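Peer 1: Pasting in a structure now, in structure tokens, and then I'll have a few things to ask.
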Amino acid sequence: MNATMHAVRGHRRGGPEELVYEVAPKPVPGRGDVLVEVRAASVTPGELGWDATWTDGFDGGSPRLPVVPSKEVSGVVAELGHGVTDFRPGEAVYGLIPFTRDGAAAEYVTVPAAGLAAKPGSLDHERTAALPLAGLTAWQGLVTHAGVTPGQRVLVHGGAGGVGSFAVQVAAALGAEVTATASAGDADFVRGLGAETVIDYAGQRFETEVKDTDVVFDTVGGDTQARSWEVLRPGGVLVSVAEPPAPPEGADARAVFFVVEPDRSGLEELTALVEAGRLIPQVDRILPLESAPGAYAALEREHRRGKIVLRVS
């Protein structure tokens, strides 16, 4: 068996300019791991700035250079590590790779079996690769942390983005009344995802248009997050993936900041929504693996609808 593969790696910490397409050692699955032959991978805004991308910790840690980026994978099981019995070679799978491990911008990647699930049969690998990180973020934020129930009012900030587009769809599938902020040019797109109302963040003040909201799902942070307390009903919840919320004095609402975690059961819930036609991963563009540096550069400078995906094989 060939001991090498093609991969995109960073040999020193930095931005897209530090990524190189090259020949690298093929990983070997450890106990509890699955070696996945990658078909597609997805890139995430801010990923090259995370400590976890370059070290063995979330807040500092020991460098583990060189590194392979991209934490979302769709592919085929190539080999099983010791103790793995719930997958078989040749099975199509997808999942979220732990942030402190090498990612999927390569022909092969090892992933803990607990972070993988069977690939949705109705999606190709490219759309499937857009699902794990952003989809699980939306699911965990709205279900695990906010406990959204039918009939509740949910405001999603950044409804056209990678995470926001999933949050709109998941909230609508849960039976919520969904409002989203987006650019005027993305309004029809976001309505098509399931938002009943779309507010142009550049031309309108959302806090004058929305009130008595049960849940705010914040992907933006900053001033947008600070103004969001005004629209929450007493007992509501602000869930943020952008930055830890700071409730104003006297706020009668709950604040949650979280980092998404690999979760097979969550992936299976997302798959069920996909197969029911309630969830469609939004892909902005598909690029070849060797274009990964350009994909990460585009995340920093371009407006997108949905995810940027790398086609690996």
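Labels for the structure tokens follow display order: chains A, B, ..., residues from 1 in each chain, ligands from 1.
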I'd like a table as a Markdown table: residues in range 51-130 of chain A with an atom no more than 10 Å from range 240-260 of chain A, each row giving the shortest atom pair and its distance in Å to one decimal, only C-alpha atoms counted, sorted by chain and rising residue number.
Peer 2:
| residue | atom | partner | partner_atom | distance |
| --- | --- | --- | --- | --- |
| A:Leu96 | CA | A:Val260 | CA | 9.4 |
| A:Pro98 | CA | A:Val260 | CA | 9.8 |
| A:Phe99 | CA | A:Val260 | CA | 9.8 |
Peer 1: Which polymer residues have any atom within 10 Å of an atom of Glu230 in chain A, counting only C-alpha atoms, with same-chain residues fewer than 5 positions away left out, as a PyMOL selection string?
Peer 2: chain A and resi 206-208+210-213+225+248+251
Peer 1: What's around range 51-68 of chain A at 8 Å? Count only C-alpha atoms, leave out sequence neighbours fewer than 4 positions away in its own chain, and write the answer as a count of residues only.
Peer 2: 16
Peer 1: Could you give me, as a PyMOL selection string, each residue of range 59-247 of chain A that DSSP assigns to helix (DSSP H, G or I) when run on this structure's backbone?
Peer 2: chain A and resi 113-115+125-129+132-145+162-173+184-193+206-209+222-231
Peer 1: Can you list every residue in range 60-154 of chain A that DSSP puts in strand (DSSP E), as a compact mmCIF listing (two decimals) with all heavy atoms, in the first residue's frame?
Peer 2:
# COMPACT_ATOMS: atom_id res chain seq x y z
N GLU A 72 -13.93 19.35 8.04
CA GLU A 72 -15.14 18.68 7.57
C GLU A 72 -14.78 17.74 6.43
O GLU A 72 -14.13 18.14 5.46
CB GLU A 72 -16.17 19.71 7.09
CG GLU A 72 -16.64 20.65 8.18
CD GLU A 72 -17.54 21.74 7.64
OE1 GLU A 72 -17.01 22.73 7.11
OE2 GLU A 72 -18.76 21.58 7.74
N VAL A 73 -15.24 16.51 6.53
CA VAL A 73 -14.84 15.50 5.55
C VAL A 73 -16.03 14.70 5.07
O VAL A 73 -16.96 14.40 5.83
CB VAL A 73 -13.77 14.55 6.15
CG1 VAL A 73 -14.32 13.77 7.35
CG2 VAL A 73 -13.23 13.60 5.10
N SER A 74 -15.99 14.35 3.80
CA SER A 74 -16.88 13.34 3.24
C SER A 74 -16.02 12.42 2.40
O SER A 74 -15.19 12.88 1.61
CB SER A 74 -17.98 13.97 2.39
OG SER A 74 -18.85 12.98 1.86
N GLY A 75 -16.18 11.11 2.60
CA GLY A 75 -15.33 10.18 1.87
C GLY A 75 -15.75 8.75 2.06
O GLY A 75 -16.92 8.46 2.37
N VAL A 76 -14.79 7.86 1.91
CA VAL A 76 -15.04 6.42 1.95
C VAL A 76 -14.08 5.77 2.94
O VAL A 76 -12.89 6.11 2.97
CB VAL A 76 -14.87 5.81 0.55
CG1 VAL A 76 -15.02 4.30 0.59
CG2 VAL A 76 -15.87 6.41 -0.43
N VAL A 77 -14.58 4.85 3.73
CA VAL A 77 -13.74 4.14 4.69
C VAL A 77 -12.69 3.33 3.95
O VAL A 77 -13.02 2.49 3.11
CB VAL A 77 -14.59 3.22 5.59
CG1 VAL A 77 -13.68 2.38 6.50
CG2 VAL A 77 -15.57 4.03 6.42
N ALA A 78 -11.41 3.59 4.27
CA ALA A 78 -10.31 2.85 3.65
C ALA A 78 -9.78 1.77 4.57
O ALA A 78 -9.36 0.70 4.11
CB ALA A 78 -9.18 3.81 3.27
N GLU A 79 -9.79 2.05 5.88
CA GLU A 79 -9.20 1.11 6.85
C GLU A 79 -9.76 1.40 8.22
O GLU A 79 -10.05 2.56 8.55
CB GLU A 79 -7.67 1.26 6.83
CG GLU A 79 -6.92 0.25 7.66
CD GLU A 79 -5.41 0.47 7.59
OE1 GLU A 79 -4.94 1.12 6.62
OE2 GLU A 79 -4.72 0.00 8.51
N LEU A 80 -9.90 0.38 9.04
CA LEU A 80 -10.41 0.53 10.39
C LEU A 80 -9.30 0.36 11.40
O LEU A 80 -8.49 -0.58 11.31
CB LEU A 80 -11.52 -0.50 10.66
CG LEU A 80 -12.73 -0.46 9.73
CD1 LEU A 80 -13.67 -1.61 10.07
CD2 LEU A 80 -13.44 0.87 9.82
N ALA A 92 -19.48 4.81 2.61
CA ALA A 92 -19.42 6.26 2.49
C ALA A 92 -19.79 6.89 3.83
O ALA A 92 -20.85 6.59 4.41
CB ALA A 92 -20.35 6.75 1.40
N VAL A 93 -18.93 7.79 4.31
CA VAL A 93 -19.12 8.41 5.64
C VAL A 93 -18.82 9.91 5.56
O VAL A 93 -18.24 10.40 4.59
CB VAL A 93 -18.19 7.77 6.70
CG1 VAL A 93 -18.55 6.31 6.93
CG2 VAL A 93 -16.72 7.90 6.29
N TYR A 94 -19.23 10.61 6.61
CA TYR A 94 -18.88 12.02 6.73
C TYR A 94 -18.76 12.37 8.20
O TYR A 94 -19.24 11.62 9.07
CB TYR A 94 -19.89 12.92 6.02
CG TYR A 94 -21.20 13.19 6.75
CD1 TYR A 94 -21.53 14.48 7.17
CD2 TYR A 94 -22.14 12.18 6.99
CE1 TYR A 94 -22.73 14.75 7.80
CE2 TYR A 94 -23.34 12.44 7.62
CZ TYR A 94 -23.63 13.73 8.02
OH TYR A 94 -24.82 14.00 8.65
N GLY A 95 -18.11 13.51 8.48
CA GLY A 95 -17.98 13.84 9.89
C GLY A 95 -17.17 15.10 10.14
O GLY A 95 -16.66 15.75 9.21
N LEU A 96 -17.08 15.41 11.42
CA LEU A 96 -16.33 16.56 11.92
C LEU A 96 -15.07 16.04 12.61
O LEU A 96 -15.15 15.20 13.51
CB LEU A 96 -17.18 17.36 12.90
CG LEU A 96 -16.52 18.57 13.57
CD1 LEU A 96 -16.10 19.60 12.53
CD2 LEU A 96 -17.48 19.19 14.58
N TYR A 108 -6.12 11.40 2.34
CA TYR A 108 -6.55 10.53 3.43
C TYR A 108 -6.50 11.30 4.74
O TYR A 108 -5.68 12.20 4.92
CB TYR A 108 -5.64 9.30 3.55
CG TYR A 108 -5.76 8.32 2.40
CD1 TYR A 108 -4.98 8.47 1.26
CD2 TYR A 108 -6.66 7.25 2.46
CE1 TYR A 108 -5.08 7.58 0.20
CE2 TYR A 108 -6.77 6.35 1.41
CZ TYR A 108 -5.98 6.52 0.28
OH TYR A 108 -6.10 5.65 -0.76
N VAL A 109 -7.38 10.92 5.67
CA VAL A 109 -7.38 11.50 7.01
C VAL A 109 -7.86 10.45 7.99
O VAL A 109 -8.69 9.61 7.65
CB VAL A 109 -8.27 12.77 7.08
CG1 VAL A 109 -9.74 12.42 6.82
CG2 VAL A 109 -8.13 13.48 8.42
N THR A 110 -7.32 10.48 9.21
CA THR A 110 -7.84 9.60 10.26
C THR A 110 -8.80 10.40 11.12
O THR A 110 -8.54 11.55 11.49
CB THR A 110 -6.71 9.03 11.14
OG1 THR A 110 -5.96 10.09 11.72
CG2 THR A 110 -5.80 8.13 10.33
N VAL A 111 -9.94 9.78 11.44
CA VAL A 111 -11.00 10.43 12.20
C VAL A 111 -11.49 9.47 13.28
O VAL A 111 -11.70 8.28 13.00
CB VAL A 111 -12.19 10.81 11.28
CG1 VAL A 111 -13.22 11.63 12.05
CG2 VAL A 111 -11.73 11.54 10.04
N PRO A 112 -11.68 9.92 14.52
CA PRO A 112 -12.30 9.04 15.52
C PRO A 112 -13.65 8.54 15.02
O PRO A 112 -14.47 9.32 14.51
CB PRO A 112 -12.45 9.94 16.73
CG PRO A 112 -11.39 10.98 16.57
CD PRO A 112 -11.31 11.23 15.09
N LEU A 116 -17.94 10.19 13.18
CA LEU A 116 -18.38 9.90 11.82
C LEU A 116 -19.79 9.32 11.81
O LEU A 116 -20.24 8.72 12.79
CB LEU A 116 -17.45 8.88 11.16
CG LEU A 116 -16.03 9.33 10.82
CD1 LEU A 116 -15.19 8.13 10.38
CD2 LEU A 116 -16.03 10.40 9.73
N ALA A 117 -20.47 9.49 10.69
CA ALA A 117 -21.78 8.88 10.47
C ALA A 117 -21.88 8.49 9.00
O ALA A 117 -21.10 8.95 8.16
CB ALA A 117 -22.91 9.85 10.84
N ALA A 118 -22.84 7.64 8.70
CA ALA A 118 -23.07 7.25 7.31
C ALA A 118 -23.46 8.49 6.50
O ALA A 118 -24.26 9.31 6.94
CB ALA A 118 -24.16 6.19 7.23
N ARG A 153 -40.06 32.11 18.54
CA ARG A 153 -39.50 33.09 17.61
C ARG A 153 -37.97 33.04 17.71
O ARG A 153 -37.41 33.18 18.79
CB ARG A 153 -40.00 34.49 17.95
CG ARG A 153 -41.50 34.67 17.76
CD ARG A 153 -41.93 36.06 18.19
NE ARG A 153 -43.36 36.28 17.92
CZ ARG A 153 -44.02 37.38 18.27
NH1 ARG A 153 -43.38 38.37 18.90
NH2 ARG A 153 -45.30 37.51 18.00
N VAL A 154 -37.34 32.86 16.54
CA VAL A 154 -35.88 32.75 16.48
C VAL A 154 -35.35 33.80 15.51
O VAL A 154 -35.85 33.93 14.39
CB VAL A 154 -35.44 31.35 16.02
CG1 VAL A 154 -33.93 31.29 15.83
CG2 VAL A 154 -35.89 30.29 17.03
Peer 1: So which residues touch Glu107 in chain A within 6 Å, counting only C-alpha atoms, skipping near sequence neighbours fewer than 3 positions away, as a list in words?
Peer 2: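 Non-adjacent residues within range: Met5, His6, Glu37 and Val38 of chain A.
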Peer 1: Set the distance at 10 Å and use only C-alpha atoms: which residues neighbour Asp186 in chain A once local chain neighbours fewer than 3 positions away are removed? I'd like the list as a CSV table (one decimal) with N, CA and C atoms, in the first residue's frame.
Peer 2:
chain,number,residue,atom,x,y,z
A,159,GLY,N,-27.8,35.2,8.1
A,159,GLY,CA,-28.6,34.1,7.6
A,159,GLY,C,-28.1,33.5,6.3
A,160,ALA,N,-27.3,34.2,5.6
A,160,ALA,CA,-26.8,33.7,4.3
A,160,ALA,C,-25.4,33.0,4.4
A,161,GLY,N,-24.8,33.0,5.6
A,161,GLY,CA,-23.4,32.5,5.8
A,161,GLY,C,-23.4,31.0,6.0
A,181,THR,N,-31.2,38.2,9.7
A,181,THR,CA,-30.5,39.4,9.1
A,181,THR,C,-29.6,38.9,8.0
A,182,ALA,N,-29.5,39.7,6.9
A,182,ALA,CA,-28.7,39.4,5.8
A,182,ALA,C,-28.6,40.6,4.9
A,183,SER,N,-27.8,40.6,3.9
A,183,SER,CA,-27.7,41.7,3.0
A,183,SER,C,-29.0,41.7,2.1
A,189,PHE,N,-32.7,34.6,-1.2
A,189,PHE,CA,-32.0,33.4,-0.9
A,189,PHE,C,-32.3,32.9,0.5
A,190,VAL,N,-32.3,33.8,1.5
A,190,VAL,CA,-32.5,33.4,2.9
A,190,VAL,C,-34.0,33.1,3.1
A,191,ARG,N,-34.9,33.8,2.5
A,191,ARG,CA,-36.3,33.4,2.5
A,191,ARG,C,-36.5,32.0,2.0
A,192,GLY,N,-35.8,31.6,1.0
A,192,GLY,CA,-35.9,30.3,0.4
A,192,GLY,C,-35.4,29.2,1.4
A,198,VAL,N,-36.8,38.7,6.5
A,198,VAL,CA,-35.4,38.9,6.3
A,198,VAL,C,-35.2,40.4,6.5
A,200,ASP,N,-32.5,43.6,6.2
A,200,ASP,CA,-31.3,44.1,5.6
A,200,ASP,C,-30.5,44.8,6.7
A,304,ARG,N,-19.9,35.4,0.6
A,304,ARG,CA,-20.3,34.1,0.1
A,304,ARG,C,-21.7,33.7,0.5
A,305,ARG,N,-22.3,32.8,-0.2
A,305,ARG,CA,-23.5,32.2,0.2
A,305,ARG,C,-23.2,30.7,0.5
Peer 1: Would you pick out the contacts of range 288-297 of chain A at 8 Å or less, using only C-alpha atoms, so that residues sharing its chain but fewer than 5 positions from it are not included, and give the list as a ChimeraX atom specification?
Peer 2: /A:7-8,15-17,19-21,43-45,105-106,308,310-312
Peer 1: Any chance you can output those residues with C-alpha atoms as a PDB file, in the first residue's frame?
Peer 2:
ATOM      1  CA  ALA A   7      -2.034  17.010   0.997  1.00  0.00           C
ATOM      2  CA  VAL A   8      -2.194  20.705   1.735  1.00  0.00           C
ATOM      3  CA  GLY A  15      -2.561  32.518   6.829  1.00  0.00           C
ATOM      4  CA  PRO A  16      -3.297  31.040   3.398  1.00  0.00           C
ATOM      5  CA  GLU A  17       0.158  32.070   2.172  1.00  0.00           C
ATOM      6  CA  LEU A  19      -0.241  26.511   2.872  1.00  0.00           C
ATOM      7  CA  VAL A  20       1.554  24.249   0.389  1.00  0.00           C
ATOM      8  CA  TYR A  21       0.216  21.450  -1.818  1.00  0.00           C
ATOM      9  CA  VAL A  43     -13.017  25.112   4.741  1.00  0.00           C
ATOM     10  CA  THR A  44     -14.154  27.376   7.566  1.00  0.00           C
ATOM     11  CA  PRO A  45     -13.735  31.124   8.169  1.00  0.00           C
ATOM     12  CA  ALA A 105      -7.352  18.805   2.937  1.00  0.00           C
ATOM     13  CA  ALA A 106      -5.585  15.617   1.883  1.00  0.00           C
ATOM     14  CA  ILE A 308     -16.424  26.695   0.032  1.00  0.00           C
ATOM     15  CA  LEU A 310     -12.509  21.276  -1.866  1.00  0.00           C
ATOM     16  CA  ARG A 311     -12.942  18.371  -4.282  1.00  0.00           C
ATOM     17  CA  VAL A 312     -10.233  15.883  -3.361  1.00  0.00           C
TER      18      VAL A 312
END
Peer 1: What is the distance, in Å and to one decimal place, between CA of Leu238 in chain A and CA of Ala187 in chain A?
Peer 2: 22.8 Å
Peer 1: Applying 12 Å and only C-alpha atoms, which residues near Ala276 in chain A remain after dropping the ones on its own chain fewer than 4 positions away? List them as number ranges by chain.
Peer 2: A: 120-122, 173, 269-272, 280
Peer 1: For the residues in that selection, give me all heavy atoms as a short mmCIF file (atom, residue, chain, number, x, y, z; two decimals), in the first residue's frame.
Peer 2:
data_model
loop_
_atom_site.label_atom_id
_atom_site.label_comp_id
_atom_site.auth_asym_id
_atom_site.auth_seq_id
_atom_site.Cartn_x
_atom_site.Cartn_y
_atom_site.Cartn_z
N PRO A 120 -25.29 10.91 3.94
CA PRO A 120 -26.65 10.95 3.38
C PRO A 120 -26.66 10.45 1.94
O PRO A 120 -25.86 10.89 1.11
CB PRO A 120 -27.01 12.44 3.45
CG PRO A 120 -26.12 13.00 4.52
CD PRO A 120 -24.84 12.22 4.44
N GLY A 121 -27.56 9.54 1.65
CA GLY A 121 -27.60 8.95 0.33
C GLY A 121 -28.03 9.90 -0.76
O GLY A 121 -27.71 9.71 -1.94
N SER A 122 -28.75 10.96 -0.40
CA SER A 122 -29.28 11.88 -1.40
C SER A 122 -28.32 13.00 -1.78
O SER A 122 -28.62 13.80 -2.66
CB SER A 122 -30.59 12.50 -0.88
OG SER A 122 -30.36 13.24 0.31
N ALA A 173 -37.15 23.91 10.48
CA ALA A 173 -37.52 22.50 10.58
C ALA A 173 -38.01 22.14 11.97
O ALA A 173 -38.84 21.24 12.14
CB ALA A 173 -36.31 21.62 10.22
N GLU A 269 -29.06 13.20 13.13
CA GLU A 269 -30.23 14.10 13.10
C GLU A 269 -30.20 14.97 11.85
O GLU A 269 -31.24 15.20 11.20
CB GLU A 269 -30.25 14.98 14.35
CG GLU A 269 -30.44 14.23 15.65
CD GLU A 269 -31.88 13.78 15.90
OE1 GLU A 269 -32.74 14.03 15.03
OE2 GLU A 269 -32.13 13.20 16.96
N LEU A 270 -29.02 15.48 11.51
CA LEU A 270 -28.89 16.28 10.29
C LEU A 270 -29.21 15.46 9.05
O LEU A 270 -29.88 15.92 8.13
CB LEU A 270 -27.48 16.86 10.19
CG LEU A 270 -27.07 17.86 11.27
CD1 LEU A 270 -25.61 18.25 11.08
CD2 LEU A 270 -27.96 19.09 11.28
N THR A 271 -28.72 14.22 9.04
CA THR A 271 -28.99 13.34 7.90
C THR A 271 -30.49 13.12 7.74
O THR A 271 -31.01 13.14 6.61
CB THR A 271 -28.28 11.99 8.08
OG1 THR A 271 -26.86 12.21 8.07
CG2 THR A 271 -28.64 11.01 6.98
N ALA A 272 -31.19 12.93 8.85
CA ALA A 272 -32.64 12.73 8.79
C ALA A 272 -33.33 13.94 8.18
O ALA A 272 -34.26 13.81 7.37
CB ALA A 272 -33.19 12.43 10.18
N ILE A 280 -30.77 21.53 3.20
CA ILE A 280 -29.96 21.46 1.98
C ILE A 280 -28.67 22.23 2.23
O ILE A 280 -28.71 23.45 2.42
CB ILE A 280 -30.70 22.05 0.77
CG1 ILE A 280 -32.02 21.32 0.53
CG2 ILE A 280 -29.81 21.99 -0.47
CD1 ILE A 280 -32.87 21.96 -0.57
#
Peer 1: Identify which of the residues A:Arg39, A:Gln169, A:Ile199, A:Val178 lies closest to Gly277 in chain A, counting only C-alpha atoms when measuring atom-to-atom distances.
Peer 2: A:Gln169
Peer 1: Ranking A:Lys26, A:Lys71, A:Lys119, A:Arg31 by minimum distance to Leu48 in chain A and counting only C-alpha atoms, which one comes first?
Peer 2: A:Lys71
Peer 1: Which range 163-239 of chain A residues have any atom within 10 Å of an atom of range 135-145 of chain A, and for each, what is the nearest pair of atoms with distance in Å to one decimal, counting only C-alpha atoms, rows sorted by chain and number, as CSV?
Peer 2:
residue,atom,partner,partner_atom,distance
A:Val163,CA,A:Ala138,CA,6.4
A:Gly164,CA,A:Ala138,CA,7.6
A:Ser165,CA,A:Ala138,CA,8.9
A:Phe166,CA,A:Gly135,CA,5.7
A:Ala167,CA,A:Ala138,CA,4.7
A:Val168,CA,A:Ala138,CA,8.4
A:Gln169,CA,A:Ala138,CA,9.0
A:Val170,CA,A:Trp139,CA,6.8
A:Ala171,CA,A:Leu142,CA,7.0
A:Leu174,CA,A:Val143,CA,8.8
A:Val215,CA,A:Leu142,CA,8.2
A:Val216,CA,A:Leu142,CA,9.3
A:Phe217,CA,A:Gly141,CA,7.5
A:Asp218,CA,A:Gly141,CA,9.7
A:Val237,CA,A:His145,CA,8.9
A:Leu238,CA,A:His145,CA,9.7
A:Val239,CA,A:Gly141,CA,6.5
Peer 1: Produce a file of the selected residues containing N, CA and C atoms, as a short mmCIF file (atom, residue, chain, number, x, y, z; two decimals), in the first residue's frame.
Peer 2:
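Done, and the output landed in selection-v2.cif:
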data_model
loop_
_atom_site.label_atom_id
_atom_site.label_comp_id
_atom_site.auth_asym_id
_atom_site.auth_seq_id
_atom_site.Cartn_x
_atom_site.Cartn_y
_atom_site.Cartn_z
N VAL A 163 -22.70 29.05 8.61
CA VAL A 163 -23.45 28.56 9.76
C VAL A 163 -24.87 29.10 9.75
N GLY A 164 -25.03 30.39 9.43
CA GLY A 164 -26.36 30.99 9.45
C GLY A 164 -27.35 30.33 8.52
N SER A 165 -26.88 29.89 7.35
CA SER A 165 -27.80 29.24 6.40
C SER A 165 -28.33 27.93 6.96
N PHE A 166 -27.51 27.24 7.75
CA PHE A 166 -27.99 26.02 8.42
C PHE A 166 -28.91 26.37 9.57
N ALA A 167 -28.57 27.42 10.33
CA ALA A 167 -29.40 27.79 11.47
C ALA A 167 -30.81 28.16 11.05
N VAL A 168 -30.93 28.88 9.93
CA VAL A 168 -32.26 29.23 9.43
C VAL A 168 -33.04 27.95 9.10
N GLN A 169 -32.42 27.03 8.39
CA GLN A 169 -33.12 25.81 7.99
C GLN A 169 -33.47 24.92 9.18
N VAL A 170 -32.54 24.77 10.12
CA VAL A 170 -32.80 23.92 11.29
C VAL A 170 -33.91 24.53 12.14
N ALA A 171 -33.85 25.84 12.37
CA ALA A 171 -34.89 26.48 13.18
C ALA A 171 -36.25 26.32 12.53
N LEU A 174 -37.54 22.87 12.99
CA LEU A 174 -37.99 22.65 14.37
C LEU A 174 -39.35 23.29 14.64
N VAL A 215 -35.22 33.23 20.98
CA VAL A 215 -33.83 32.83 20.79
C VAL A 215 -33.18 33.72 19.75
N VAL A 216 -32.01 34.24 20.07
CA VAL A 216 -31.15 34.89 19.08
C VAL A 216 -29.96 33.98 18.85
N PHE A 217 -29.72 33.63 17.58
CA PHE A 217 -28.57 32.82 17.21
C PHE A 217 -27.58 33.75 16.51
N ASP A 218 -26.47 34.02 17.18
CA ASP A 218 -25.54 35.06 16.75
C ASP A 218 -24.29 34.46 16.11
N VAL A 237 -32.99 33.50 25.28
CA VAL A 237 -31.59 33.08 25.29
C VAL A 237 -30.88 33.61 24.06
N LEU A 238 -29.67 34.12 24.29
CA LEU A 238 -28.79 34.53 23.20
C LEU A 238 -27.68 33.50 23.10
N VAL A 239 -27.64 32.80 21.98
CA VAL A 239 -26.62 31.79 21.72
C VAL A 239 -25.65 32.35 20.70
#
